$ cat coords.tsv   # TSV, C-alpha atoms
chain	number	residue	atom	x	y	z
A	1	GLU	CA	-11.69	-136.32	180.91
A	2	ALA	CA	-14.21	-139.16	180.79
A	3	GLY	CA	-16.92	-139.04	183.43
A	4	VAL	CA	-18.31	-141.72	185.70
A	5	ALA	CA	-19.78	-144.55	183.63
A	6	GLN	CA	-22.68	-146.70	184.73
A	7	SER	CA	-24.60	-149.55	183.17
A	8	PRO	CA	-27.27	-150.47	182.49
A	9	ARG	CA	-29.14	-147.16	182.30
A	10	TYR	CA	-32.52	-148.81	182.83
A	11	LYS	CA	-33.60	-152.11	184.30
A	12	ILE	CA	-37.01	-153.61	184.90
A	13	ILE	CA	-37.32	-156.75	186.98
A	14	GLU	CA	-39.94	-158.58	188.99
A	15	LYS	CA	-39.82	-158.73	192.77
A	16	ARG	CA	-37.65	-161.47	194.20
A	17	GLN	CA	-35.38	-161.41	191.14
A	18	SER	CA	-31.72	-160.40	191.32
A	19	VAL	CA	-30.04	-157.46	189.63
A	20	ALA	CA	-26.53	-156.04	189.36
A	21	PHE	CA	-25.28	-152.59	188.48
A	22	TRP	CA	-21.82	-151.63	187.28
A	23	CYS	CA	-19.83	-148.44	187.79
A	24	ASN	CA	-16.53	-147.25	186.37
A	25	PRO	CA	-15.29	-144.13	188.21
A	26	ILE	CA	-13.15	-141.33	186.85
A	27	SER	CA	-9.58	-142.50	186.39
A	28	GLY	CA	-7.48	-141.89	189.47
A	29	HIS	CA	-10.41	-141.34	191.83
A	30	ALA	CA	-9.79	-143.38	194.94
A	31	THR	CA	-13.18	-142.86	196.54
A	32	LEU	CA	-16.33	-144.40	195.10
A	33	TYR	CA	-19.89	-144.00	196.35
A	34	TRP	CA	-23.19	-145.73	195.65
A	35	TYR	CA	-26.36	-143.74	196.31
A	36	GLN	CA	-30.03	-144.67	196.13
A	37	GLN	CA	-32.39	-141.92	194.99
A	38	ILE	CA	-36.09	-142.64	195.38
A	39	LEU	CA	-38.42	-140.43	193.33
A	40	GLY	CA	-38.93	-137.07	195.00
A	41	GLN	CA	-36.07	-137.54	197.47
A	42	GLY	CA	-32.42	-136.65	197.62
A	43	PRO	CA	-29.73	-139.28	197.11
A	44	LYS	CA	-29.06	-141.52	200.10
A	45	LEU	CA	-25.59	-142.96	200.57
A	46	LEU	CA	-25.54	-146.75	200.52
A	47	ILE	CA	-21.83	-147.48	200.60
A	48	GLN	CA	-18.51	-145.66	200.30
A	49	PHE	CA	-15.23	-147.25	199.17
A	50	GLN	CA	-11.72	-145.91	199.59
A	51	ASN	CA	-9.72	-147.84	196.99
A	52	ASN	CA	-11.02	-151.40	197.50
A	53	GLY	CA	-11.90	-151.02	201.18
A	54	VAL	CA	-15.30	-150.14	202.62
A	55	VAL	CA	-15.34	-146.84	204.53
A	56	ASP	CA	-19.05	-146.66	205.34
A	57	ASP	CA	-21.86	-149.12	204.65
A	58	SER	CA	-24.06	-148.20	207.60
A	59	GLN	CA	-27.12	-147.53	205.39
A	60	LEU	CA	-26.72	-150.56	203.13
A	61	PRO	CA	-29.49	-153.16	203.68
A	62	LYS	CA	-27.03	-155.98	203.99
A	63	ASP	CA	-29.65	-158.72	203.97
A	64	ARG	CA	-30.27	-158.06	200.28
A	65	PHE	CA	-27.70	-155.55	199.02
A	66	SER	CA	-24.02	-156.20	198.42
A	67	ALA	CA	-21.26	-154.23	196.75
A	68	GLU	CA	-17.67	-154.82	195.86
A	69	ARG	CA	-14.72	-152.99	194.39
A	70	LEU	CA	-12.18	-155.76	194.08
A	71	LYS	CA	-9.35	-154.03	192.22
A	72	GLY	CA	-9.99	-150.54	193.57
A	73	VAL	CA	-11.41	-149.31	190.25
A	74	ASP	CA	-14.76	-150.66	188.95
A	75	SER	CA	-17.54	-151.50	191.34
A	76	THR	CA	-20.70	-153.59	191.26
A	77	LEU	CA	-23.82	-153.23	193.38
A	78	LYS	CA	-26.14	-156.21	193.66
A	79	ILE	CA	-29.65	-156.62	194.97
A	80	GLN	CA	-30.83	-160.14	195.76
A	81	PRO	CA	-33.78	-160.56	196.06
A	82	ALA	CA	-35.35	-157.28	194.96
A	83	LYS	CA	-38.40	-155.76	196.64
A	84	LEU	CA	-40.91	-153.26	195.27
A	85	GLU	CA	-39.45	-150.53	197.48
A	86	ASP	CA	-36.08	-150.91	195.77
A	87	SER	CA	-37.45	-149.06	192.74
A	88	ALA	CA	-35.17	-146.04	192.50
A	89	VAL	CA	-32.27	-144.53	190.62
A	90	TYR	CA	-28.91	-145.91	191.71
A	91	LEU	CA	-26.20	-143.32	191.37
A	92	CYS	CA	-22.49	-143.96	191.42
A	93	ALA	CA	-20.11	-141.11	192.24
A	94	SER	CA	-16.37	-140.76	192.62
A	95	SER	CA	-13.95	-138.24	194.09
A	96	LEU	CA	-10.26	-137.70	194.64
A	97	GLY	CA	-9.89	-139.12	198.12
A	98	GLY	CA	-11.39	-136.58	200.50
A	99	GLY	CA	-11.71	-134.05	197.70
A	100	ILE	CA	-14.39	-131.43	197.66
A	101	GLU	CA	-16.38	-132.46	194.64
A	102	GLN	CA	-18.12	-135.73	193.96
A	103	PHE	CA	-18.72	-136.48	190.30
A	104	PHE	CA	-21.89	-138.42	189.60
A	105	GLY	CA	-22.62	-140.93	186.89
A	106	PRO	CA	-25.88	-140.91	184.88
A	107	GLY	CA	-27.46	-143.49	187.18
A	108	THR	CA	-29.36	-146.72	186.68
A	109	ARG	CA	-33.13	-146.46	186.90
A	110	LEU	CA	-34.48	-149.66	188.48
A	111	THR	CA	-38.15	-150.57	188.35
A	112	VAL	CA	-39.29	-153.54	190.42
A	113	LEU	CA	-42.70	-154.89	189.43
B	1	GLY	CA	-27.08	-137.93	211.76
B	2	GLN	CA	-28.15	-135.02	209.61
B	3	ASN	CA	-31.55	-133.35	209.25
B	4	ILE	CA	-31.72	-131.14	206.17
B	5	ASP	CA	-34.77	-129.07	205.20
B	6	GLN	CA	-35.47	-127.16	202.03
B	7	PRO	CA	-38.68	-126.09	200.30
B	8	THR	CA	-40.24	-128.58	197.94
B	9	GLU	CA	-41.04	-126.28	195.05
B	10	MET	CA	-40.47	-122.72	193.84
B	11	THR	CA	-41.62	-120.93	190.72
B	12	ALA	CA	-40.11	-117.79	189.22
B	13	THR	CA	-40.14	-115.81	186.01
B	14	GLU	CA	-37.36	-115.74	183.45
B	15	GLY	CA	-34.87	-112.98	184.29
B	16	ALA	CA	-35.89	-112.87	187.95
B	17	ILE	CA	-34.00	-113.89	191.09
B	18	VAL	CA	-34.83	-116.88	193.28
B	19	GLN	CA	-33.43	-117.77	196.70
B	20	ILE	CA	-33.54	-121.36	197.91
B	21	ASN	CA	-33.12	-121.75	201.65
B	22	CYS	CA	-31.66	-124.75	203.42
B	23	THR	CA	-31.55	-125.39	207.15
B	24	TYR	CA	-29.66	-128.23	208.74
B	25	GLN	CA	-29.04	-129.91	212.06
B	26	THR	CA	-25.91	-132.01	212.10
B	27	SER	CA	-23.81	-134.20	214.32
B	28	GLY	CA	-20.70	-132.96	212.53
B	29	PHE	CA	-20.04	-130.35	209.86
B	30	ASN	CA	-17.37	-130.24	207.21
B	31	GLY	CA	-18.95	-128.21	204.44
B	32	LEU	CA	-22.23	-127.53	202.68
B	33	PHE	CA	-22.81	-128.24	199.01
B	34	TRP	CA	-25.38	-127.28	196.42
B	35	TYR	CA	-26.05	-129.55	193.45
B	36	GLN	CA	-28.26	-129.04	190.41
B	37	GLN	CA	-30.18	-132.01	189.04
B	38	HIS	CA	-32.18	-131.87	185.83
B	39	ALA	CA	-34.99	-134.38	185.49
B	40	GLY	CA	-33.63	-137.82	184.66
B	41	GLU	CA	-30.01	-136.73	184.98
B	42	ALA	CA	-27.25	-136.98	187.57
B	43	PRO	CA	-26.59	-134.21	190.10
B	44	THR	CA	-23.91	-131.72	189.10
B	45	PHE	CA	-21.86	-129.66	191.55
B	46	LEU	CA	-22.73	-125.98	191.88
B	47	SER	CA	-21.08	-124.64	195.01
B	48	TYR	CA	-19.31	-125.38	198.27
B	49	ASN	CA	-19.22	-123.40	201.53
B	50	VAL	CA	-17.24	-124.34	204.59
B	51	LEU	CA	-16.75	-120.88	206.14
B	52	ASP	CA	-19.46	-118.32	206.88
B	53	GLY	CA	-20.22	-115.88	204.14
B	54	LEU	CA	-21.11	-115.59	200.50
B	55	GLU	CA	-19.50	-117.48	197.62
B	56	GLU	CA	-20.26	-116.08	194.18
B	57	LYS	CA	-19.89	-117.96	190.94
B	58	GLY	CA	-21.41	-116.23	187.95
B	59	ARG	CA	-25.19	-116.13	188.20
B	60	PHE	CA	-25.16	-118.45	191.22
B	61	SER	CA	-24.22	-117.48	194.78
B	62	SER	CA	-24.31	-119.51	197.97
B	63	PHE	CA	-24.34	-118.27	201.55
B	64	LEU	CA	-23.57	-120.08	204.79
B	65	SER	CA	-24.13	-119.30	208.46
B	66	ARG	CA	-22.76	-122.14	210.56
B	67	SER	CA	-24.06	-120.71	213.84
B	68	LYS	CA	-27.60	-120.67	212.45
B	69	GLY	CA	-27.36	-123.93	210.53
B	70	TYR	CA	-28.51	-122.06	207.46
B	71	SER	CA	-27.58	-121.71	203.84
B	72	TYR	CA	-29.15	-120.30	200.72
B	73	LEU	CA	-28.55	-120.60	197.01
B	74	LEU	CA	-29.27	-117.47	194.99
B	75	LEU	CA	-29.99	-117.81	191.30
B	76	LYS	CA	-29.90	-114.52	189.38
B	77	GLU	CA	-31.06	-113.65	185.86
B	78	LEU	CA	-33.03	-116.86	185.68
B	79	GLN	CA	-33.04	-118.73	182.40
B	80	MET	CA	-35.37	-121.47	181.24
B	81	LYS	CA	-32.51	-123.97	181.47
B	82	ASP	CA	-32.31	-123.29	185.22
B	83	SER	CA	-35.53	-125.29	185.69
B	84	ALA	CA	-34.26	-128.21	187.75
B	85	SER	CA	-34.08	-129.65	191.24
B	86	TYR	CA	-31.54	-128.03	193.58
B	87	LEU	CA	-30.11	-130.26	196.28
B	88	CYS	CA	-28.60	-129.02	199.53
B	89	ALA	CA	-26.09	-131.45	201.02
B	90	VAL	CA	-24.06	-131.40	204.23
B	91	ARG	CA	-20.75	-133.21	204.64
B	92	ASP	CA	-19.82	-134.60	208.03
B	93	ASN	CA	-16.37	-135.08	209.52
B	94	ASP	CA	-16.09	-138.49	207.83
B	95	TYR	CA	-16.61	-136.82	204.42
B	96	LYS	CA	-20.04	-138.42	204.13
B	97	LEU	CA	-22.66	-136.37	202.25
B	98	SER	CA	-26.27	-136.20	203.41
B	99	PHE	CA	-28.73	-134.67	200.97
B	100	GLY	CA	-31.96	-132.79	201.43
B	101	ALA	CA	-34.97	-133.84	199.39
B	102	GLY	CA	-34.35	-131.10	196.83
B	103	THR	CA	-36.19	-127.98	195.70
B	104	THR	CA	-37.80	-128.10	192.27
B	105	VAL	CA	-37.46	-124.72	190.58
B	106	THR	CA	-39.72	-123.98	187.63
B	107	VAL	CA	-38.81	-121.01	185.47
B	108	ARG	CA	-41.69	-119.54	183.48
B	109	ALA	CA	-41.45	-117.28	180.45
$ encode --input "coords.tsv" --output "structure tokens"
Amino acid sequence: EAGVAQSPRYKIIEKRQSVAFWCNPISGHATLYWYQQILGQGPKLLIQFQNNGVVDDSQLPKDRFSAERLKGVDSTLKIQPAKLEDSAVYLCASSLGGGIEQFFGPGTRLTVL
Amino acid sequence: GQNIDQPTEMTATEGAIVQINCTYQTSGFNGLFWYQQHAGEAPTFLSYNVLDGLEEKGRFSSFLSRSKGYSYLLLKELQMKDSASYLCAVRDNDYKLSFGAGTTVTVRA
């Protein structure tokens, strides 16, 4: 089966610019996650969707980050405006509802200059 | 919240055994996971423990003691391709995963 798809794979922007990331989960996976992984750290959950509803966004910096999953399939994560400390890999993952395993996409490496 | 600790780095020789320890303090527990992450790649699932004891899967085994808040991942017959970061993650009762910072394992010939 096809895995989790993400684009772009790399993005370089200047601080205060905006950026958007796209994720297409595994077909049939109701739960979608966005993680931020700063170099040398483990992934940190930003937001979790169940179908098109938000389950948990407690660690999402809502003043600059937003995410949506309008049709319960694809999702976009946006940062506006970006700060230097947003430089990280943004990982998308999906799972079958409350299933055991989360499947991760290849990630988008963001560099903010 | 979750507090998850694991060593930063470990080095071992090809063919040897390495044990990566993970300790956690949680406000809710619904399973412990180990993921492997090669440099520049996404994490991939290795193992899952929700009950105390040892789970064996080929060259990899994972152990859990819920009363001690402790787990380890055992890698046997190390191969060069096992050089990677190993992430310990705890799932809470809302199915939210919290990850440790990862242990970088370097396998030397």
$ atom_distance --input "coords.tsv" --atom1 "atom CA of Thr31 of chain A" --atom2 "atom CA of Leu91 of chain A"
14.0 Å
$ closest_residue --input "coords.tsv" --among "B:Asp52, B:Asp92, B:Glu77, B:Glu14" --to "chain A" --atoms "only C-alpha atoms"
B:Asp92
$ atom_distance --input "coords.tsv" --atom1 "atom CA of Tyr35 of chain B" --atom2 "atom CA of Val105 of chain B"
12.7 Å
$ residues_around --input "coords.tsv" --residues "Leu97 of chain B" --least-positions-apart "6" --cutoff "10 Å" --atoms "only C-alpha atoms" --output "MDAnalysis selection string"
(chainID A and resid 43:45 102) or (chainID B and resid 2 30:33 88:91)
$ closest_residue --input "coords.tsv" --among "B:Asn93, B:Gln6, B:Thr106, B:Ser47" --to "Arg59 of chain B" --atoms "all atoms listed in the file"
B:Ser47
$ closest_atom_pairs --input "coords.tsv" --of "chain B" --to "chain A" --cutoff "6 Å" --atoms "all atoms listed in the file" --output "tab-separated table"
residue	atom	partner	partner_atom	distance
B:Glu41	CA	A:Pro106	CA	5.9
B:Ala42	CA	A:Pro106	CA	5.0
B:Phe99	CA	A:Gly42	CA	5.4
B:Gly100	CA	A:Gly42	CA	5.4
B:Ala101	CA	A:Gly42	CA	4.2
B:Gly102	CA	A:Gly42	CA	5.9
$ closest_residue --input "coords.tsv" --among "B:Ser27, B:Ala39, B:Thr44, B:Gln19" --to "Gly3 of chain A" --atoms "only C-alpha atoms"
B:Thr44
$ atom_distance --input "coords.tsv" --atom1 "atom CA of Asp86 of chain A" --atom2 "atom CA of Ser18 of chain A"
11.4 Å
$ closest_residue --input "coords.tsv" --among "B:Phe29, B:Tyr72, B:Tyr48, B:Tyr24" --to "Thr103 of chain B" --atoms "only C-alpha atoms"
B:Tyr72
$ residues_around --input "coords.tsv" --residues "Leu32 of chain A" --least-positions-apart "2" --cutoff "10 Å" --atoms "all atoms listed in the file" --output "number ranges by chain"
A: 4, 23-26, 29-30, 34, 47-52, 54-55, 69, 72-75, 92-97, 102-104
$ closest_residue --input "coords.tsv" --among "B:Lys96, B:Gln36, B:Asn21, B:Gln79" --to "Leu46 of chain A" --atoms "all atoms listed in the file"
B:Lys96
$ residues_around --input "coords.tsv" --residues "Leu113 of chain A" --least-positions-apart "2" --cutoff "8 Å" --atoms "all atoms listed in the file" --output "PDB file with C-alpha atoms, in the frame of the given file"
ATOM      1  CA  ILE A  12     -37.010-153.610 184.900  1.00  0.00           C
ATOM      2  CA  ILE A  13     -37.320-156.750 186.980  1.00  0.00           C
ATOM      3  CA  GLU A  14     -39.940-158.580 188.990  1.00  0.00           C
ATOM      4  CA  LYS A  15     -39.820-158.730 192.770  1.00  0.00           C
ATOM      5  CA  LEU A  84     -40.910-153.260 195.270  1.00  0.00           C
ATOM      6  CA  THR A 111     -38.150-150.570 188.350  1.00  0.00           C
TER       7      THR A 111
END
$ axis_aligned_box --input "coords.tsv" --around "segment 1-6 of chain B" --padding-each-side "8 Å" --output "AutoDock Vina command-line options"
--center_x -31.3 --center_y -132.5 --center_z 206.9 --size_x 24.4 --size_y 26.8 --size_z 25.7
$ closest_residue --input "coords.tsv" --among "B:Met10, B:Leu78, B:Ile20, B:Val107" --to "Gly58 of chain B" --atoms "all atoms listed in the file"
B:Leu78
$ residues_near_point --input "coords.tsv" --point "(-39.3, -120.6, 186.0)" --cutoff "12 Å" --atoms "only C-alpha atoms" --output "ChimeraX atom specification"
/B:9-18,75-85,104-109
$ write_last_selection --input "coords.tsv" --atoms "C-alpha atoms" --output "CSV table (one decimal), keeping the file's coordinate frame"
chain,number,residue,atom,x,y,z
B,9,GLU,CA,-41.0,-126.3,195.0
B,10,MET,CA,-40.5,-122.7,193.8
B,11,THR,CA,-41.6,-120.9,190.7
B,12,ALA,CA,-40.1,-117.8,189.2
B,13,THR,CA,-40.1,-115.8,186.0
B,14,GLU,CA,-37.4,-115.7,183.4
B,15,GLY,CA,-34.9,-113.0,184.3
B,16,ALA,CA,-35.9,-112.9,188.0
B,17,ILE,CA,-34.0,-113.9,191.1
B,18,VAL,CA,-34.8,-116.9,193.3
B,75,LEU,CA,-30.0,-117.8,191.3
B,76,LYS,CA,-29.9,-114.5,189.4
B,77,GLU,CA,-31.1,-113.6,185.9
B,78,LEU,CA,-33.0,-116.9,185.7
B,79,GLN,CA,-33.0,-118.7,182.4
B,80,MET,CA,-35.4,-121.5,181.2
B,81,LYS,CA,-32.5,-124.0,181.5
B,82,ASP,CA,-32.3,-123.3,185.2
B,83,SER,CA,-35.5,-125.3,185.7
B,84,ALA,CA,-34.3,-128.2,187.8
B,85,SER,CA,-34.1,-129.6,191.2
B,104,THR,CA,-37.8,-128.1,192.3
B,105,VAL,CA,-37.5,-124.7,190.6
B,106,THR,CA,-39.7,-124.0,187.6
B,107,VAL,CA,-38.8,-121.0,185.5
B,108,ARG,CA,-41.7,-119.5,183.5
B,109,ALA,CA,-41.4,-117.3,180.4
$ residues_around --input "coords.tsv" --residues "Ser66 of chain A" --least-positions-apart "2" --cutoff "12 Å" --atoms "all atoms listed in the file" --output "MDAnalysis selection string"
chainID A and resid 18:21 34 46:47 54 57 59:64 68:69 75:82
$ build_atoms --input "coords.tsv" --residues "segment 68-79 of chain A" --atoms "all heavy atoms" --output "PDB file, in the frame of the given file"
ATOM      1  N   GLU A  68     -19.095-154.526 195.796  1.00  0.00           N
ATOM      2  CA  GLU A  68     -17.670-154.820 195.860  1.00  0.00           C
ATOM      3  C   GLU A  68     -16.887-153.938 194.915  1.00  0.00           C
ATOM      4  O   GLU A  68     -17.437-153.419 193.940  1.00  0.00           O
ATOM      5  CB  GLU A  68     -17.404-156.303 195.545  1.00  0.00           C
ATOM      6  CG  GLU A  68     -17.864-156.749 194.177  1.00  0.00           C
ATOM      7  CD  GLU A  68     -17.637-158.245 193.962  1.00  0.00           C
ATOM      8  OE1 GLU A  68     -17.371-158.974 194.939  1.00  0.00           O
ATOM      9  OE2 GLU A  68     -17.722-158.679 192.801  1.00  0.00           O
ATOM     10  N   ARG A  69     -15.626-153.783 195.225  1.00  0.00           N
ATOM     11  CA  ARG A  69     -14.720-152.990 194.390  1.00  0.00           C
ATOM     12  C   ARG A  69     -13.364-153.685 194.473  1.00  0.00           C
ATOM     13  O   ARG A  69     -12.439-153.211 195.094  1.00  0.00           O
ATOM     14  CB  ARG A  69     -14.636-151.544 194.879  1.00  0.00           C
ATOM     15  CG  ARG A  69     -13.988-150.594 193.901  1.00  0.00           C
ATOM     16  CD  ARG A  69     -13.822-149.206 194.488  1.00  0.00           C
ATOM     17  NE  ARG A  69     -13.267-148.298 193.484  1.00  0.00           N
ATOM     18  CZ  ARG A  69     -12.686-147.145 193.764  1.00  0.00           C
ATOM     19  NH1 ARG A  69     -12.576-146.740 195.030  1.00  0.00           N
ATOM     20  NH2 ARG A  69     -12.212-146.366 192.802  1.00  0.00           N
ATOM     21  N   LEU A  70     -13.279-154.839 193.845  1.00  0.00           N
ATOM     22  CA  LEU A  70     -12.180-155.760 194.080  1.00  0.00           C
ATOM     23  C   LEU A  70     -10.809-155.198 193.737  1.00  0.00           C
ATOM     24  O   LEU A  70      -9.859-155.375 194.466  1.00  0.00           O
ATOM     25  CB  LEU A  70     -12.429-157.055 193.306  1.00  0.00           C
ATOM     26  CG  LEU A  70     -13.618-157.893 193.819  1.00  0.00           C
ATOM     27  CD1 LEU A  70     -13.842-159.098 192.935  1.00  0.00           C
ATOM     28  CD2 LEU A  70     -13.379-158.314 195.262  1.00  0.00           C
ATOM     29  N   LYS A  71     -10.662-154.506 192.630  1.00  0.00           N
ATOM     30  CA  LYS A  71      -9.350-154.030 192.220  1.00  0.00           C
ATOM     31  C   LYS A  71      -9.185-152.534 192.458  1.00  0.00           C
ATOM     32  O   LYS A  71      -8.266-151.910 191.933  1.00  0.00           O
ATOM     33  CB  LYS A  71      -9.108-154.360 190.748  1.00  0.00           C
ATOM     34  CG  LYS A  71      -9.066-155.862 190.469  1.00  0.00           C
ATOM     35  CD  LYS A  71      -8.779-156.158 189.015  1.00  0.00           C
ATOM     36  CE  LYS A  71      -8.730-157.658 188.771  1.00  0.00           C
ATOM     37  NZ  LYS A  71      -8.489-157.990 187.343  1.00  0.00           N
ATOM     38  N   GLY A  72     -10.094-151.965 193.254  1.00  0.00           N
ATOM     39  CA  GLY A  72      -9.990-150.540 193.570  1.00  0.00           C
ATOM     40  C   GLY A  72     -10.347-149.631 192.413  1.00  0.00           C
ATOM     41  O   GLY A  72     -10.038-148.442 192.464  1.00  0.00           O
ATOM     42  N   VAL A  73     -11.011-150.161 191.386  1.00  0.00           N
ATOM     43  CA  VAL A  73     -11.410-149.310 190.250  1.00  0.00           C
ATOM     44  C   VAL A  73     -12.920-149.469 190.059  1.00  0.00           C
ATOM     45  O   VAL A  73     -13.692-148.777 190.705  1.00  0.00           O
ATOM     46  CB  VAL A  73     -10.638-149.673 188.967  1.00  0.00           C
ATOM     47  CG1 VAL A  73     -11.066-148.765 187.821  1.00  0.00           C
ATOM     48  CG2 VAL A  73      -9.145-149.559 189.207  1.00  0.00           C
ATOM     49  N   ASP A  74     -13.329-150.434 189.197  1.00  0.00           N
ATOM     50  CA  ASP A  74     -14.760-150.660 188.950  1.00  0.00           C
ATOM     51  C   ASP A  74     -15.447-151.191 190.196  1.00  0.00           C
ATOM     52  O   ASP A  74     -14.813-151.795 191.072  1.00  0.00           O
ATOM     53  CB  ASP A  74     -14.942-151.695 187.829  1.00  0.00           C
ATOM     54  CG  ASP A  74     -14.466-151.175 186.494  1.00  0.00           C
ATOM     55  OD1 ASP A  74     -13.894-150.063 186.450  1.00  0.00           O
ATOM     56  OD2 ASP A  74     -14.663-151.879 185.491  1.00  0.00           O
ATOM     57  N   SER A  75     -16.754-150.992 190.215  1.00  0.00           N
ATOM     58  CA  SER A  75     -17.540-151.500 191.340  1.00  0.00           C
ATOM     59  C   SER A  75     -18.850-152.071 190.825  1.00  0.00           C
ATOM     60  O   SER A  75     -19.371-151.640 189.794  1.00  0.00           O
ATOM     61  CB  SER A  75     -17.820-150.382 192.340  1.00  0.00           C
ATOM     62  OG  SER A  75     -18.644-150.837 193.398  1.00  0.00           O
ATOM     63  N   THR A  76     -19.371-153.057 191.554  1.00  0.00           N
ATOM     64  CA  THR A  76     -20.700-153.590 191.260  1.00  0.00           C
ATOM     65  C   THR A  76     -21.552-153.522 192.501  1.00  0.00           C
ATOM     66  O   THR A  76     -21.069-153.713 193.626  1.00  0.00           O
ATOM     67  CB  THR A  76     -20.652-155.043 190.743  1.00  0.00           C
ATOM     68  OG1 THR A  76     -19.970-155.835 191.719  1.00  0.00           O
ATOM     69  CG2 THR A  76     -19.951-155.139 189.416  1.00  0.00           C
ATOM     70  N   LEU A  77     -22.821-153.235 192.313  1.00  0.00           N
ATOM     71  CA  LEU A  77     -23.820-153.230 193.380  1.00  0.00           C
ATOM     72  C   LEU A  77     -24.871-154.265 193.007  1.00  0.00           C
ATOM     73  O   LEU A  77     -25.369-154.259 191.881  1.00  0.00           O
ATOM     74  CB  LEU A  77     -24.463-151.847 193.507  1.00  0.00           C
ATOM     75  CG  LEU A  77     -25.600-151.706 194.519  1.00  0.00           C
ATOM     76  CD1 LEU A  77     -25.067-151.807 195.947  1.00  0.00           C
ATOM     77  CD2 LEU A  77     -26.323-150.368 194.334  1.00  0.00           C
ATOM     78  N   LYS A  78     -25.182-155.144 193.936  1.00  0.00           N
ATOM     79  CA  LYS A  78     -26.140-156.210 193.660  1.00  0.00           C
ATOM     80  C   LYS A  78     -27.293-156.153 194.638  1.00  0.00           C
ATOM     81  O   LYS A  78     -27.105-155.843 195.817  1.00  0.00           O
ATOM     82  CB  LYS A  78     -25.458-157.576 193.746  1.00  0.00           C
ATOM     83  CG  LYS A  78     -24.379-157.807 192.712  1.00  0.00           C
ATOM     84  CD  LYS A  78     -23.727-159.171 192.883  1.00  0.00           C
ATOM     85  CE  LYS A  78     -22.615-159.370 191.853  1.00  0.00           C
ATOM     86  NZ  LYS A  78     -21.916-160.669 192.034  1.00  0.00           N
ATOM     87  N   ILE A  79     -28.470-156.497 194.131  1.00  0.00           N
ATOM     88  CA  ILE A  79     -29.650-156.620 194.970  1.00  0.00           C
ATOM     89  C   ILE A  79     -30.209-158.019 194.756  1.00  0.00           C
ATOM     90  O   ILE A  79     -30.454-158.434 193.627  1.00  0.00           O
ATOM     91  CB  ILE A  79     -30.746-155.596 194.608  1.00  0.00           C
ATOM     92  CG1 ILE A  79     -30.175-154.174 194.608  1.00  0.00           C
ATOM     93  CG2 ILE A  79     -31.896-155.678 195.606  1.00  0.00           C
ATOM     94  CD1 ILE A  79     -31.168-153.117 194.140  1.00  0.00           C
TER      95      ILE A  79
END
